[in-house]
Every structure is written in structure tokens, then in C-alpha cells.
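Take a look at the structure below.
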Amino acid sequence: MILITDELRARLLANGAAETETDHIPVVKFFNPTGAATWLLTELDADGDTLFGLCDLGFGFPELGSVSLAELEAVKGPLGLGIERDLHFKARFPLSVYAEAARIAGHITEAERLLRQAAAALSLPISELPPDAAEHKRR
């Protein structure tokens with residue numbers, strides 16, 4: 001699988017080239033299909049290799065940091081399986097919210113309740129939050 005399409009590369013590069021520090025919404029999610037590692041990435045440096053985002057190697061301590069695209073592409077796990085891109089991932093919150101939710105949970109999570117709890121802990125104004133999908137389903 002191609003980890004980063006041309007469209008994703010362009011979005012990641014644009015975020016990486018931003019002149020002001022911005023709390024970007026994650027562009028792509030990678031995961032290890034045979035392990036617990038997950039990455040939510042927001043930026044790509046001009047070098048075309050250094051990605052930035054939330055990195056979780058599955059040890060209970062997710063952290064913000066950089067990772068090499070070339071190294072991710074070179075990973076070969078059991079049965080020769082490599083790192084995959086989550087084709088269905090749609091980020092709904094800025095990276096800081098995913099990072100706070102991961103701190104609470106001990107791993108990267110997409111659980112709506114935890115993400116909203118994290119957003120509240122970060123004092124994000126309600127106007128900046130996406131609509132609550134669970135609330136929409138109840139109506």
C-alpha cells in the first residue's frame with residue numbers, strides 16, 4: 001500500500017509549511033496491522049520524509065513527535081506485513097484533542113466521549129467542536 005497519496009502529501013506539506021504554529025487536524029492515520037502502534041500525522045517537512053504528529057508505539061505513552069516516512073515504509077512485521085493507512089479515518093478534532101484523549105486513555109483513541117472530554121479539558125470553545133455524532137443519532 002502507498003502510505004501517502006499525492007493529495008495527502010500536498011496537505012501534509014502545506015501544514016508543515018505554515019508560518020505560524022497551528023493545531024492542525026490530523027491528515028492521515030497509520031497503524032501496524034499486527035501490533036499496537038498507531039500514528040496520527042498532521043505535517044510533512046520540506047525534506048519529504050519527516051512527519052509530525054501523535055505517535056503511539058503501544059507502550060501506554062503516546063507522544064507528539066516526528067517519525068520518518070522512509071522508516072515507516074520499511075517496516076516489515078510478521079508475514080511481511082507493513083504499516084497500513086487507515087482508509088476510513090476522518091479526523092474530527094485538532095491534534096491537541098487527540099493527544100489529550102490519548103494521555104487520558106493511554107493510547108490513541110477515536111472514542112467520541114473521550115475526545116469531547118479532552119476538548120473540554122483543553123477549554124476549546126464549543127463553536128470550534130464538530131457536531132456530536134451521538135447526539136445527532138438520538139434525534
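For the C-alpha cells, the naming scheme is as follows: chains receive sequential letters (A, B, ...) according to their order of presentation, residues are indexed from 1 within each chain, and ligands are indexed from 1 in presentation order.
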> Got a sec: who's within 9 Å of A:Tyr98, counting only C-alpha atoms, leaving out chain neighbours fewer than 6 positions off, as a list in words?
Replying inline: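 Skipping anything fewer than 6 positions along the chain leaves Pro26, Leu40, Leu54, Ile108, Thr109, Glu110, Leu114, Leu115, Ala118 and Ala119 of chain A.
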Could you write those residues out with N, CA, C and O atoms, as a PDB file, in the first residue's frame?
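And here's out.pdb as it stands now:
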ATOM      1  N   PRO A  26      -5.533  16.170  12.209  1.00  0.00           N
ATOM      2  CA  PRO A  26      -4.748  15.103  11.574  1.00  0.00           C
ATOM      3  C   PRO A  26      -5.195  14.829  10.142  1.00  0.00           C
ATOM      4  O   PRO A  26      -6.384  14.831   9.834  1.00  0.00           O
ATOM      5  N   LEU A  40      -1.070   9.392  14.220  1.00  0.00           N
ATOM      6  CA  LEU A  40      -1.962  10.399  13.649  1.00  0.00           C
ATOM      7  C   LEU A  40      -1.066  11.548  13.229  1.00  0.00           C
ATOM      8  O   LEU A  40      -0.448  12.198  14.072  1.00  0.00           O
ATOM      9  N   LEU A  54       0.980  12.668  16.392  1.00  0.00           N
ATOM     10  CA  LEU A  54       0.840  11.896  17.624  1.00  0.00           C
ATOM     11  C   LEU A  54       1.278  10.465  17.335  1.00  0.00           C
ATOM     12  O   LEU A  54       0.725   9.813  16.449  1.00  0.00           O
ATOM     13  N   ILE A 108      -3.863   6.029  21.545  1.00  0.00           N
ATOM     14  CA  ILE A 108      -4.647   6.843  20.616  1.00  0.00           C
ATOM     15  C   ILE A 108      -6.054   6.259  20.541  1.00  0.00           C
ATOM     16  O   ILE A 108      -6.230   5.047  20.423  1.00  0.00           O
ATOM     17  N   THR A 109      -7.028   7.141  20.652  1.00  0.00           N
ATOM     18  CA  THR A 109      -8.422   6.702  20.635  1.00  0.00           C
ATOM     19  C   THR A 109      -9.251   7.601  19.724  1.00  0.00           C
ATOM     20  O   THR A 109      -8.902   8.759  19.514  1.00  0.00           O
ATOM     21  N   GLU A 110     -10.313   7.037  19.211  1.00  0.00           N
ATOM     22  CA  GLU A 110     -11.283   7.804  18.435  1.00  0.00           C
ATOM     23  C   GLU A 110     -12.638   7.809  19.134  1.00  0.00           C
ATOM     24  O   GLU A 110     -13.648   8.187  18.549  1.00  0.00           O
ATOM     25  N   LEU A 114     -14.378  10.345  24.945  1.00  0.00           N
ATOM     26  CA  LEU A 114     -13.043  10.751  25.402  1.00  0.00           C
ATOM     27  C   LEU A 114     -12.543  11.977  24.650  1.00  0.00           C
ATOM     28  O   LEU A 114     -11.890  12.845  25.239  1.00  0.00           O
ATOM     29  N   LEU A 115     -12.827  12.060  23.365  1.00  0.00           N
ATOM     30  CA  LEU A 115     -12.388  13.219  22.585  1.00  0.00           C
ATOM     31  C   LEU A 115     -13.094  14.488  23.064  1.00  0.00           C
ATOM     32  O   LEU A 115     -12.474  15.542  23.208  1.00  0.00           O
ATOM     33  N   ALA A 118     -11.610  15.444  26.369  1.00  0.00           N
ATOM     34  CA  ALA A 118     -10.308  16.079  26.142  1.00  0.00           C
ATOM     35  C   ALA A 118     -10.470  17.505  25.663  1.00  0.00           C
ATOM     36  O   ALA A 118      -9.755  18.408  26.109  1.00  0.00           O
ATOM     37  N   ALA A 119     -11.417  17.731  24.757  1.00  0.00           N
ATOM     38  CA  ALA A 119     -11.669  19.086  24.254  1.00  0.00           C
ATOM     39  C   ALA A 119     -12.105  19.998  25.392  1.00  0.00           C
ATOM     40  O   ALA A 119     -11.657  21.143  25.491  1.00  0.00           O
TER      41      ALA A 119
END
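By only C-alpha atoms, and with residues fewer than 6 positions from A:His88 along its chain excluded, the set lying at most 12 Å from it is A:Val27, A:Val28, A:Lys29, A:Phe30.
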> A:Asp56, A:Asn32, A:Phe89, A:Leu12: which is nearest A:Leu72, counting only C-alpha atoms?
Replying inline: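 With only C-alpha atoms as the atom set, the closest residue is A:Asn32.
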> So which bits of chain A end up strand (DSSP E) when you DSSP the backbone, as a PyMOL selection string?
Replying inline: chain A and resi 28-31+38-44+50-56+63-68+84-85
>> as number ranges by chain, please: every residue in stretch 59-134 of chain A that DSSP puts in helix (DSSP H, G or I).
In response: A: 69-74, 78-80, 95-105, 112-121, 126-128, 133-134
> With only C-alpha atoms as the basis for distance, which of A:Thr42, A:Ser96, A:Asn15, A:Thr5 is at the shortest distance from A:Arg116?
Replying inline: A:Ser96
> Using only C-alpha atoms, which of the listed residues (A:Ile25, A:Leu13, A:Leu64, A:Ala74) sits closest to A:Ala46?
Replying inline: A:Leu13
